[in-house]
Each structure stands twice: as structure tokens, then as C-alpha cells.
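Listing of coords21.pdb; format and content: PDB, C-alpha atoms and all ligand atoms.
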```pdb
ATOM      1  CA  MET A   1      -5.519 -14.250  15.482
ATOM      2  CA  ASN A   2      -8.024 -16.520  13.795
ATOM      3  CA  SER A   3      -6.023 -19.488  12.499
ATOM      4  CA  HIS A   4      -7.371 -19.466   8.930
ATOM      5  CA  PRO A   5      -9.313 -16.349   8.106
ATOM      6  CA  ILE A   6     -10.743 -16.392   4.608
ATOM      7  CA  LEU A   7     -12.193 -14.021   2.080
ATOM      8  CA  ASP A   8     -15.988 -14.312   2.241
ATOM      9  CA  LYS A   9     -16.935 -12.334  -0.818
ATOM     10  CA  THR A  10     -15.565 -10.417  -3.828
ATOM     11  CA  ILE A  11     -17.585  -7.658  -5.471
ATOM     12  CA  PHE A  12     -16.717  -6.375  -8.945
ATOM     13  CA  LEU A  13     -17.874  -2.908  -9.991
ATOM     14  CA  ASP A  14     -17.541  -0.991 -13.254
ATOM     15  CA  THR A  15     -17.062   2.299 -11.549
ATOM     16  CA  VAL A  16     -17.263   3.817  -8.087
ATOM     17  CA  ASP A  17     -16.005   6.972  -6.386
ATOM     18  CA  SER A  18     -13.496   5.037  -4.283
ATOM     19  CA  THR A  19     -13.396   1.377  -3.306
ATOM     20  CA  ASN A  20     -12.384   2.423   0.231
ATOM     21  CA  LEU A  21     -15.451   4.686   0.459
ATOM     22  CA  GLU A  22     -17.713   1.960  -0.939
ATOM     23  CA  LEU A  23     -16.670  -0.436   1.796
ATOM     24  CA  LYS A  24     -17.034   2.235   4.460
ATOM     25  CA  ARG A  25     -20.608   2.892   3.331
ATOM     26  CA  ARG A  26     -21.464  -0.817   3.374
ATOM     27  CA  ARG A  27     -19.887  -1.766   6.694
ATOM     28  CA  GLN A  28     -23.254  -2.560   8.315
ATOM     29  CA  GLU A  29     -24.013  -4.994   5.520
ATOM     30  CA  PHE A  30     -20.681  -6.827   5.801
ATOM     31  CA  GLN A  31     -20.447  -6.920   9.581
ATOM     32  CA  ASP A  32     -17.668  -9.291  10.549
ATOM     33  CA  SER A  33     -17.024 -10.742   7.063
ATOM     34  CA  ASN A  34     -13.921 -10.207   4.982
ATOM     35  CA  VAL A  35     -14.907  -8.613   1.678
ATOM     36  CA  LEU A  36     -12.929  -7.478  -1.362
ATOM     37  CA  VAL A  37     -14.284  -4.844  -3.705
ATOM     38  CA  VAL A  38     -12.630  -4.301  -7.077
ATOM     39  CA  SER A  39     -13.559  -1.544  -9.511
ATOM     40  CA  ASP A  40     -12.569  -1.000 -13.154
ATOM     41  CA  ALA A  41     -12.461   2.737 -12.528
ATOM     42  CA  GLN A  42     -12.623   5.154  -9.608
ATOM     43  CA  SER A  43     -13.868   8.707 -10.038
ATOM     44  CA  GLN A  44     -12.401   9.879  -6.729
ATOM     45  CA  GLY A  45      -9.569   7.489  -5.972
ATOM     46  CA  LYS A  46      -8.015   8.547  -2.680
ATOM     47  CA  GLY A  47      -4.423   8.771  -1.586
ATOM     48  CA  GLN A  48      -3.313   9.834   1.868
ATOM     49  CA  LYS A  49      -4.108  13.220   3.389
ATOM     50  CA  GLY A  50      -6.795  13.999   0.807
ATOM     51  CA  ARG A  51      -4.471  13.437  -2.147
ATOM     52  CA  ARG A  52      -5.885  12.035  -5.358
ATOM     53  CA  TRP A  53      -5.158   8.616  -6.803
ATOM     54  CA  GLU A  54      -5.460   8.379 -10.585
ATOM     55  CA  SER A  55      -7.625   5.354 -11.333
ATOM     56  CA  ALA A  56      -8.537   5.276 -14.999
ATOM     57  CA  ALA A  57     -10.840   2.573 -16.337
ATOM     58  CA  GLY A  58      -9.230  -0.694 -17.271
ATOM     59  CA  LEU A  59      -5.641   0.388 -16.646
ATOM     60  CA  GLY A  60      -5.032  -0.783 -13.119
ATOM     61  CA  LEU A  61      -5.988  -2.887 -10.170
ATOM     62  CA  TRP A  62      -8.088  -0.688  -7.909
ATOM     63  CA  MET A  63      -9.375  -2.638  -4.952
ATOM     64  CA  SER A  64     -10.044  -2.519  -1.228
ATOM     65  CA  LEU A  65     -10.163  -5.268   1.328
ATOM     66  CA  TYR A  66     -12.545  -4.993   4.254
ATOM     67  CA  LEU A  67     -11.476  -6.993   7.279
ATOM     68  CA  GLY A  68     -14.403  -7.402   9.649
ATOM     69  CA  GLY A  69     -14.070  -8.509  13.218
ATOM     70  CA  LYS A  70     -13.430 -12.192  12.421
ATOM     71  CA  THR A  71      -9.835 -11.405  11.711
ATOM     72  CA  SER A  72      -8.413 -10.235  14.987
ATOM     73  CA  LEU A  73      -7.203  -6.689  14.473
ATOM     74  CA  SER A  74      -4.920  -6.087  17.371
ATOM     75  CA  HIS A  75      -2.338  -4.742  14.954
ATOM     76  CA  ASN A  76      -1.579  -1.136  14.262
ATOM     77  CA  LEU A  77      -2.393   0.592  11.040
ATOM     78  CA  GLN A  78       1.232   0.899  10.065
ATOM     79  CA  MET A  79       1.854  -2.840  10.269
ATOM     80  CA  LEU A  80      -1.239  -3.638   8.190
ATOM     81  CA  SER A  81       0.105  -1.342   5.461
ATOM     82  CA  ILE A  82       3.602  -2.761   5.819
ATOM     83  CA  TYR A  83       2.276  -6.315   5.598
ATOM     84  CA  THR A  84       0.122  -5.470   2.571
ATOM     85  CA  GLY A  85       3.140  -3.910   0.872
ATOM     86  CA  THR A  86       5.160  -7.101   1.321
ATOM     87  CA  VAL A  87       2.281  -9.131  -0.134
ATOM     88  CA  VAL A  88       2.037  -6.887  -3.213
ATOM     89  CA  GLN A  89       5.830  -6.962  -3.541
ATOM     90  CA  GLU A  90       5.863 -10.746  -3.422
ATOM     91  CA  ILE A  91       3.137 -11.341  -5.971
ATOM     92  CA  THR A  92       4.445  -8.800  -8.488
ATOM     93  CA  SER A  93       8.189  -9.515  -8.257
ATOM     94  CA  PRO A  94       8.110 -12.741 -10.274
ATOM     95  CA  LEU A  95       6.394 -10.886 -13.117
ATOM     96  CA  ILE A  96       9.146  -8.466 -14.038
ATOM     97  CA  ASN A  97      12.917  -8.533 -14.103
ATOM     98  CA  ASP A  98      13.499  -5.418 -12.051
ATOM     99  CA  ASP A  99      13.476  -5.216  -8.312
ATOM    100  CA  ILE A 100      10.206  -4.091  -6.807
ATOM    101  CA  GLN A 101      10.823  -1.999  -3.728
ATOM    102  CA  LEU A 102       8.762  -0.664  -0.861
ATOM    103  CA  LYS A 103       8.909   2.992   0.026
ATOM    104  CA  TRP A 104       7.850   3.841   3.540
ATOM    105  CA  PRO A 105       5.072   3.819   4.435
ATOM    106  CA  ASN A 106       2.978   2.644   1.561
ATOM    107  CA  ASP A 107       4.402   2.907  -1.945
ATOM    108  CA  ILE A 108       5.280   0.195  -4.433
ATOM    109  CA  MET A 109       8.313   1.342  -6.399
ATOM    110  CA  ILE A 110      10.008   0.095  -9.555
ATOM    111  CA  ASN A 111      13.132   1.826 -10.868
ATOM    112  CA  SER A 112      12.505   4.704  -8.463
ATOM    113  CA  LYS A 113       9.023   5.276  -9.879
ATOM    114  CA  LYS A 114       5.721   4.696  -8.147
ATOM    115  CA  CYS A 115       3.747   1.736  -9.479
ATOM    116  CA  GLY A 116       1.298   1.409  -6.627
ATOM    117  CA  GLY A 117       0.120   2.674  -3.284
ATOM    118  CA  ILE A 118      -1.738   1.460  -0.234
ATOM    119  CA  LEU A 119      -4.274   3.341   1.859
ATOM    120  CA  THR A 120      -5.218   1.663   5.126
ATOM    121  CA  GLU A 121      -8.001   3.008   7.299
ATOM    122  CA  LEU A 122      -9.116   1.620  10.642
ATOM    123  CA  GLN A 123     -12.577   1.849  12.132
ATOM    124  CA  TRP A 124     -12.719   2.256  15.896
ATOM    125  CA  GLN A 125     -15.358   1.655  18.544
ATOM    126  CA  GLY A 126     -14.063   3.343  21.658
ATOM    127  CA  GLU A 127     -10.590   1.946  22.184
ATOM    128  CA  ALA A 128     -11.098  -1.098  19.963
ATOM    129  CA  ILE A 129     -10.433  -1.485  16.263
ATOM    130  CA  VAL A 130     -13.555  -3.124  14.863
ATOM    131  CA  SER A 131     -12.618  -3.293  11.210
ATOM    132  CA  ALA A 132      -9.977  -2.260   8.726
ATOM    133  CA  ILE A 133     -10.144  -1.196   5.100
ATOM    134  CA  ILE A 134      -6.998  -1.675   3.065
ATOM    135  CA  GLY A 135      -7.027   0.017  -0.326
ATOM    136  CA  ILE A 136      -4.546  -1.107  -2.942
ATOM    137  CA  GLY A 137      -3.864   0.689  -6.196
ATOM    138  CA  LEU A 138      -1.524  -0.968  -8.672
ATOM    139  CA  ASN A 139      -0.818   0.474 -12.115
ATOM    140  CA  LEU A 140      -1.022  -2.318 -14.673
ATOM    141  CA  SER A 141      -1.357  -1.276 -18.303
ATOM    142  CA  HIS A 142      -0.593   2.442 -18.404
ATOM    143  CA  GLU A 143       1.509   3.954 -21.142
ATOM    144  CA  LYS A 144       3.370   7.043 -20.039
ATOM    145  CA  ASP A 145       0.786   9.468 -21.385
ATOM    146  CA  ASN A 146      -2.036   7.730 -19.558
ATOM    147  CA  PHE A 147      -0.752   9.485 -16.426
ATOM    148  CA  ALA A 148      -1.428  13.169 -15.797
ATOM    149  CA  PRO A 149       1.518  15.318 -16.957
ATOM    150  CA  THR A 150       2.289  16.223 -13.347
ATOM    151  CA  ILE A 151       3.107  12.620 -12.407
ATOM    152  CA  GLN A 152       4.363  11.220 -15.735
ATOM    153  CA  ASN A 153       7.978  11.269 -14.612
ATOM    154  CA  GLN A 154       7.372   9.693 -11.240
ATOM    155  CA  ALA A 155       4.726   7.053 -12.033
ATOM    156  CA  THR A 156       5.058   3.727 -13.789
ATOM    157  CA  SER A 157       3.016   0.612 -14.523
ATOM    158  CA  LEU A 158       3.824  -3.092 -14.754
ATOM    159  CA  LYS A 159       3.459  -2.790 -18.524
ATOM    160  CA  LEU A 160       5.919   0.100 -18.711
ATOM    161  CA  GLU A 161       8.291  -2.063 -16.679
ATOM    162  CA  GLY A 162       8.181  -4.869 -19.193
ATOM    163  CA  LEU A 163       5.140  -7.032 -18.418
ATOM    164  CA  GLU A 164       3.362  -7.329 -21.736
ATOM    165  CA  ASN A 165      -0.119  -8.323 -20.629
ATOM    166  CA  PRO A 166      -0.751  -7.694 -16.945
ATOM    167  CA  ASP A 167      -3.610  -9.939 -15.897
ATOM    168  CA  ARG A 168      -5.797  -8.330 -13.276
ATOM    169  CA  SER A 169      -7.696 -11.430 -12.222
ATOM    170  CA  SER A 170      -4.626 -13.568 -11.607
ATOM    171  CA  LEU A 171      -3.126 -10.731  -9.573
ATOM    172  CA  ILE A 172      -6.298 -10.587  -7.486
ATOM    173  CA  ASP A 173      -6.133 -14.348  -6.861
ATOM    174  CA  ALA A 174      -2.456 -14.192  -5.987
ATOM    175  CA  PHE A 175      -3.068 -11.278  -3.633
ATOM    176  CA  VAL A 176      -5.941 -12.955  -1.794
ATOM    177  CA  ASN A 177      -4.063 -16.253  -1.423
ATOM    178  CA  SER A 178      -0.922 -14.631  -0.183
ATOM    179  CA  PHE A 179      -2.641 -12.084   2.073
ATOM    180  CA  PHE A 180      -4.800 -14.618   3.912
ATOM    181  CA  GLY A 181      -2.219 -17.400   3.684
ATOM    182  CA  ASN A 182       0.457 -15.442   5.537
ATOM    183  CA  LEU A 183      -1.654 -13.325   7.867
ATOM    184  CA  SER A 184      -0.070 -14.864  10.937
ATOM    185  CA  SER A 185       3.195 -13.108  10.039
ATOM    186  CA  LEU A 186       1.480  -9.942  11.325
ATOM    187  CA  ASP A 187       2.038 -11.360  14.794
ATOM    188  CA  ASP A 188       5.793 -11.325  14.226
ATOM    189  CA  GLY A 189       6.680  -7.650  13.934
ATOM    190  CA  GLU A 190      10.429  -8.310  13.959
ATOM    191  CA  GLY A 191      10.188 -10.881  11.172
ATOM    192  CA  LEU A 192       7.952  -8.673   9.082
ATOM    193  CA  ALA A 193      10.261  -5.696   9.543
ATOM    194  CA  THR A 194      13.246  -7.820   8.477
ATOM    195  CA  GLN A 195      11.369  -8.958   5.381
ATOM    196  CA  TRP A 196      10.252  -5.415   4.524
ATOM    197  CA  ASN A 197      13.734  -3.977   5.086
ATOM    198  CA  LYS A 198      15.211  -6.339   2.505
ATOM    199  CA  LYS A 199      13.026  -4.661  -0.084
ATOM    200  CA  ALA A 200      13.149  -1.134   1.283
ATOM    201  CA  TYR A 201      13.521   1.740  -1.134
ATOM    202  CA  ARG A 202      16.527   3.971  -0.352
ATOM    203  CA  MET A 203      17.715   1.626   2.427
ATOM    204  CA  ASN A 204      20.885   2.969   4.058
ATOM    205  CA  GLN A 205      20.834   5.960   1.749
ATOM    206  CA  LEU A 206      20.649   9.635   2.526
ATOM    207  CA  VAL A 207      17.068  10.821   2.271
ATOM    208  CA  GLN A 208      15.161  14.005   2.749
ATOM    209  CA  TRP A 209      12.562  13.432   5.383
ATOM    210  CA  GLU A 210       9.472  15.532   5.894
ATOM    211  CA  SER A 211       7.406  14.993   9.025
ATOM    212  CA  PRO A 212       5.195  16.952  11.403
ATOM    213  CA  GLN A 213       8.304  17.314  13.582
ATOM    214  CA  GLY A 214      10.115  19.094  10.770
ATOM    215  CA  TYR A 215      12.297  18.587   7.766
ATOM    216  CA  PHE A 216      15.427  16.481   8.127
ATOM    217  CA  GLU A 217      18.189  14.898   6.149
ATOM    218  CA  GLY A 218      19.473  11.595   7.338
ATOM    219  CA  GLN A 219      20.183   8.004   6.496
ATOM    220  CA  PHE A 220      17.115   5.817   6.080
ATOM    221  CA  SER A 221      17.620   2.729   8.231
ATOM    222  CA  GLY A 222      14.463   0.771   7.499
ATOM    223  CA  ILE A 223      11.616   0.114   9.927
ATOM    224  CA  ASN A 224      11.317  -1.288  13.435
ATOM    225  CA  ALA A 225       8.916  -3.989  14.635
ATOM    226  CA  ARG A 226       6.116  -1.416  14.988
ATOM    227  CA  GLY A 227       6.520  -0.231  11.424
ATOM    228  CA  ASP A 228       8.057   3.130  12.395
ATOM    229  CA  ALA A 229      10.573   4.577   9.941
ATOM    230  CA  LEU A 230      14.099   4.761  11.345
ATOM    231  CA  ILE A 231      16.216   7.691  10.271
ATOM    232  CA  ASN A 232      19.770   8.206  11.378
ATOM    233  CA  ILE A 233      20.189  11.933  11.842
ATOM    234  CA  ASP A 234      23.644  13.106  12.850
ATOM    235  CA  GLY A 235      24.525   9.701  14.275
ATOM    236  CA  LYS A 236      21.346   9.295  16.305
ATOM    237  CA  LEU A 237      18.560   6.912  15.314
ATOM    238  CA  HIS A 238      15.083   8.485  15.337
ATOM    239  CA  ALA A 239      11.824   6.514  14.946
ATOM    240  CA  PHE A 240       9.043   8.274  13.063
ATOM    241  CA  GLN A 241       5.409   7.198  12.993
ATOM    242  CA  THR A 242       4.468   9.778  10.407
ATOM    243  CA  GLY A 243       6.326  11.551   7.682
ATOM    244  CA  GLU A 244       7.502  10.901   4.171
ATOM    245  CA  ILE A 245      10.618  10.281   2.195
ATOM    246  CA  ARG A 246      10.561  12.951  -0.451
ATOM    247  CA  LEU A 247      10.484  11.606  -3.955
ATOM    248  CA  THR A 248      13.517  13.448  -5.228
ATOM    249  CA  GLU A 249      16.775  12.268  -6.687
ATOM    250  CA  PRO A 250      19.264  10.737  -4.239
ATOM    251  CA  LEU A 251      21.335  13.364  -2.504
TER     252      LEU A 251
HETATM  253  C1  LIG B   1      -1.191   6.403  -1.970
HETATM  254  O1  LIG B   1      -1.379   7.674  -1.524
HETATM  255  O2  LIG B   1      -0.215   6.020  -2.575
HETATM  256  C2  LIG B   1      -2.359   5.469  -1.695
HETATM  257  C3  LIG B   1      -3.095   5.116  -2.939
HETATM  258  C4  LIG B   1      -4.187   4.127  -2.682
HETATM  259  C5  LIG B   1      -5.056   3.947  -3.880
HETATM  260  C6  LIG B   1      -6.043   2.838  -3.692
HETATM  261  S1  LIG B   1      -6.881   2.445  -5.170
HETATM  262  C7  LIG B   1      -8.028   1.478  -4.329
HETATM  263  C8  LIG B   1      -8.338   2.201  -3.025
HETATM  264  N1  LIG B   1      -9.424   3.152  -3.206
HETATM  265  C9  LIG B   1      -9.011   4.411  -3.034
HETATM  266  O3  LIG B   1      -9.745   5.418  -3.129
HETATM  267  N2  LIG B   1      -7.701   4.426  -2.727
HETATM  268  C10 LIG B   1      -7.147   3.089  -2.666
HETATM  269  P1  LIG B   1      -0.257   8.794  -1.480
HETATM  270  O4  LIG B   1       0.994   8.248  -0.894
HETATM  271  O5  LIG B   1      -0.910   9.954  -0.822
HETATM  272  O6  LIG B   1       0.056   9.091  -2.995
HETATM  273  C11 LIG B   1      -0.747   9.942  -3.760
HETATM  274  C12 LIG B   1       0.172  10.644  -4.758
HETATM  275  O7  LIG B   1       0.665   9.692  -5.719
HETATM  276  C13 LIG B   1      -0.544  11.700  -5.579
HETATM  277  O8  LIG B   1      -0.505  12.945  -4.946
HETATM  278  C14 LIG B   1       0.243  11.688  -6.899
HETATM  279  O9  LIG B   1       1.414  12.461  -6.768
HETATM  280  C15 LIG B   1       0.667  10.241  -7.025
HETATM  281  N3  LIG B   1      -0.273   9.443  -7.835
HETATM  282  C16 LIG B   1      -1.603   9.601  -8.021
HETATM  283  N4  LIG B   1      -2.108   8.615  -8.772
HETATM  284  C17 LIG B   1      -1.074   7.801  -9.085
HETATM  285  C18 LIG B   1      -0.951   6.616  -9.835
HETATM  286  N5  LIG B   1      -1.993   6.010 -10.427
HETATM  287  N6  LIG B   1       0.293   6.065  -9.954
HETATM  288  C19 LIG B   1       1.383   6.622  -9.377
HETATM  289  N7  LIG B   1       1.312   7.744  -8.645
HETATM  290  C20 LIG B   1       0.106   8.333  -8.499
END
```

How does this structure look as C-alpha cells?
Ligand code: BT5
Amino acid sequence: MNSHPILDKTIFLDTVDSTNLELKRRRQEFQDSNVLVVSDAQSQGKGQKGRRWESAAGLGLWMSLYLGGKTSLSHNLQMLSIYTGTVVQEITSPLINDDIQLKWPNDIMINSKKCGGILTELQWQGEAIVSAIIGIGLNLSHEKDNFAPTIQNQATSLKLEGLENPDRSSLIDAFVNSFFGNLSSLDDGEGLATQWNKKAYRMNQLVQWESPQGYFEGQFSGINARGDALINIDGKLHAFQTGEIRLTEPL
């Protein structure tokens, strides 16, 4: 791990298909730098597994961080997402009265509604990770009807949660300072897991769990030092690298 990696450049765009895609296209140009791209709007904001991320103009913080080779990337994808979630949690918590929670693997939750999401993608050369792109979407100024009807009951924004005037640029500054300032905590998987677990959504609660291995009900027991989700199913602890807690009411 480089002792003090820094952000080399920030690029502001009015609109783009996806800030993750923009960085992927421009990887040759950025080489081993660390670059942040922020866009007012995204026409094809991406979630995981080809899902769509609503990214209307001026309503949110839509940005992606490219980490070139200067920042040693010996970490797994899960831990980069986990770390990024704790950073977003930390910088947003002081702004509102409610608890901001982290839903495995990559959601920012307030009052059981989704306020943000993280999409981390790694670029490989053979066995080595050569760069990472971490996309962060955070809903800032949405009113309820700014969201598509299909997600109105499960999405929220900082404004809807009581922050009168969310300020995008101070959030960007806070994110960059905290992300690069605490990067060494990525080397301490146990510590990071402990920190994440304190803020975990549905911790120690019964959850419905959907994964490639099947559909389960069990008690969510946080994450381990690799960022795997731990689910207690019939008294036995299982570690999952993929899967999702279904966004339904508590059982
Ligand atoms: C995520 O995916 O939560 C990752 C979202 C990452 C978005 C950022 S924005 C900057 C960067 N550039 C990109 O193109 N992407 C990243 P996932 O867990 O798959 O959640 C997607 C699901 O969340 C959708 O299927 C909807 O149900 C819901 N959703 C879509 N837009 C939303 C929004 N703005 N707020 C809350 N929920 C939303």
C-alpha cells in the first residue's frame, strides 16, 4: 500500500452515459493516476447485474473513482465496496438525524430505504488487478415523485430524510478526504468488518437471502474479514460471496 495515495484529477461533466463507463473508456489516458469523474446526469446509470440506476440531472451525486496502479490493489472487490460504503456512511451520518446503515454488499440505507449504491469493477491483466473503478450513486435532492413509480416506496434521498440543502461539492470533498485519508484501513480486514458490522442493515435479524446457491432464510450475522456475508441458517454459519438480502419487510 502506497503510504499517501492522492487524487490526481477531478473531471466534471454535464451528462454522460455512465461515469463508470467513461472511466473504463479513458483508462489508457489515466494510466496509473487516481481520477474522479462526476456527472450532473447519467443517461445509462448502471447498477449490478445490468440493472439500471436512476440518475436524473442535478438531483444526486453520481461519480466514479478510478484507482490506477499507484494505489496498490491487492484487495478484493468486495472489500473495496465495503470500505467505500463505510466512507459514504461516515460522511453522510453527521448530516441527518437518522442512522445511515449499510446493506450488504453495496447499499446505503436510511429508514429501510435505499439512498445510495456502489458499483465496483476491477480491471485485470492476467492474474493481477491493474485498476479499479468504484461508482457511487447518492440521492441528494429527490422528492418522492422524482423517482420512478416502481421504486418510490423503496428509495429515498438526503433531502427526503431531512437535509434541507444537500451540497454536492462539500460531499465530494468529504468523500475524497476520507477515502484517501483512511485507505490503509483496507489492510485491516477484521477492523473494517467490525466497523461495517456496527452499521449493518438487518444485523442479527431474520432475512430472506437469495444467492446462486439458492434461496434461504436465516439470521444475518454481518460480514467476515473478506467481506463475505455471514448468514446463520438453522444454527450453522454460512459465508456467501454473492447473493442479496431481499428488500422486503422484516419477517
Ligand atoms: C447499485 O446497484 O446499487 C449500484 C448503483 C451504482 C450507481 C453509481 S452512479 C455513479 C456510477 N456510474 C454508474 O453507472 N453507476 C455508478 P443495485 O444494487 O443493482 O441496485 C439497482 C436497483 O436499485 C435498481 O434495480 C432499482 O430497483 C434501484 N434503484 C435504481 N435507481 C435508484 C436510485 N436512484 N435510488 C434508489 N434506488 C434505485

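Inspection of the environment of ligand LIG 1 (chain B), which uses all atoms listed in the file and a cut-off of 6 Å, identifies the neighbouring residues as Ser18, Thr19, Asn20, Gly45, Lys46, Gly47, Gln48, Arg51, Arg52, Trp53, Glu54, Ser55, Trp62, Met63, Ser64, Asp107, Lys114, Cys115, Gly116, Gly117, Ile118, Leu119, Gly135, Ile136, Gly137, Asn139, Ile151 and Ala155 of chain A.
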
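Nearest to A:Asp17 of all the residues A:Pro5, A:Ile223, A:Ala41, A:Thr84 is A:Ala41, based on all atoms listed in the file.
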
What separates atom CA of A:Thr10 and atom CA of A:Ser157 is a distance of 24.1 Å

Using only C-alpha atoms, the residue out of A:Gln78, A:Ser178, A:Gln208, A:Asn97 with shortest distance to A:Asp228 is A:Gln78

(message) So that I can check the surroundings of A:Met79, please list as an NGL selection string every protein, DNA and RNA residue that reaches within 8 Å of it, counting all atoms listed in the file and ignoring chain neighbours fewer than 3 positions away.
(response) :A and (75-76 or 82-83 or 186 or 189 or 226-227)

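The nearest approach to A:Asp173 among the residues A:Leu13, A:Val88, A:Leu67, A:Leu77, with only C-alpha atoms taken into account, belongs to A:Val88.
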
Near A:Lys159, within 10 Å and counting all atoms listed in the file, which residues show up once chain neighbours fewer than 4 positions away are dropped, as a tab-separated table (two decimals) with C-alpha atoms, keeping the file's coordinate frame?
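What ended up in around11.tsv:
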```tsv
chain	number	residue	atom	x	y	z
A	59	LEU	CA	-5.64	0.39	-16.65
A	96	ILE	CA	9.15	-8.47	-14.04
A	139	ASN	CA	-0.82	0.47	-12.12
A	140	LEU	CA	-1.02	-2.32	-14.67
A	141	SER	CA	-1.36	-1.28	-18.30
A	142	HIS	CA	-0.59	2.44	-18.40
A	143	GLU	CA	1.51	3.95	-21.14
A	144	LYS	CA	3.37	7.04	-20.04
A	163	LEU	CA	5.14	-7.03	-18.42
A	164	GLU	CA	3.36	-7.33	-21.74
A	165	ASN	CA	-0.12	-8.32	-20.63
A	166	PRO	CA	-0.75	-7.69	-16.94
```

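Take the candidates A:Trp209, A:Tyr66, A:Phe220, A:Tyr201 and check each one against A:Val176 using all atoms listed in the file; the shortest distance goes to A:Tyr66.
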
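For the pair atom CA of A:Asn34 and atom CA of A:Arg168, the separation is 20.1 Å.
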
Fill-in result for stretch 120-137 of chain A, N, CA and C atoms as a short mmCIF file (atom, residue, chain, number, x, y, z; two decimals), in the frame of the given file:
```cif
data_model
loop_
_atom_site.label_atom_id
_atom_site.label_comp_id
_atom_site.auth_asym_id
_atom_site.auth_seq_id
_atom_site.Cartn_x
_atom_site.Cartn_y
_atom_site.Cartn_z
N THR A 120 -4.56 2.46 4.08
CA THR A 120 -5.22 1.66 5.13
C THR A 120 -5.96 2.58 6.08
N GLU A 121 -7.19 2.22 6.37
CA GLU A 121 -8.00 3.01 7.30
C GLU A 121 -8.61 2.06 8.31
N LEU A 122 -8.56 2.46 9.58
CA LEU A 122 -9.12 1.62 10.64
C LEU A 122 -10.42 2.23 11.15
N GLN A 123 -11.34 1.37 11.53
CA GLN A 123 -12.58 1.85 12.13
C GLN A 123 -12.57 1.46 13.62
N TRP A 124 -12.82 2.44 14.45
CA TRP A 124 -12.72 2.26 15.90
C TRP A 124 -14.09 2.27 16.55
N GLN A 125 -14.21 1.51 17.65
CA GLN A 125 -15.36 1.66 18.54
C GLN A 125 -14.75 1.84 19.92
N GLY A 126 -14.79 3.05 20.42
CA GLY A 126 -14.06 3.34 21.66
C GLY A 126 -12.59 3.10 21.44
N GLU A 127 -12.03 2.23 22.27
CA GLU A 127 -10.59 1.95 22.18
C GLU A 127 -10.27 0.81 21.21
N ALA A 128 -11.34 0.13 20.74
CA ALA A 128 -11.10 -1.10 19.96
C ALA A 128 -11.20 -0.85 18.46
N ILE A 129 -10.33 -1.52 17.72
CA ILE A 129 -10.43 -1.48 16.26
C ILE A 129 -11.46 -2.55 15.88
N VAL A 130 -12.53 -2.15 15.21
CA VAL A 130 -13.56 -3.12 14.86
C VAL A 130 -13.42 -3.63 13.43
N SER A 131 -12.83 -2.82 12.58
CA SER A 131 -12.62 -3.29 11.21
C SER A 131 -11.51 -2.46 10.58
N ALA A 132 -11.02 -2.98 9.46
CA ALA A 132 -9.98 -2.26 8.73
C ALA A 132 -10.32 -2.30 7.24
N ILE A 133 -9.98 -1.23 6.56
CA ILE A 133 -10.14 -1.20 5.10
C ILE A 133 -8.77 -0.90 4.51
N ILE A 134 -8.32 -1.83 3.68
CA ILE A 134 -7.00 -1.68 3.06
C ILE A 134 -7.20 -1.48 1.57
N GLY A 135 -6.88 -0.29 1.10
CA GLY A 135 -7.03 0.02 -0.33
C GLY A 135 -5.70 -0.19 -1.04
N ILE A 136 -5.77 -0.85 -2.17
CA ILE A 136 -4.55 -1.11 -2.94
C ILE A 136 -4.75 -0.59 -4.36
N GLY A 137 -3.84 0.23 -4.81
CA GLY A 137 -3.86 0.69 -6.20
C GLY A 137 -2.58 0.22 -6.86
#
```
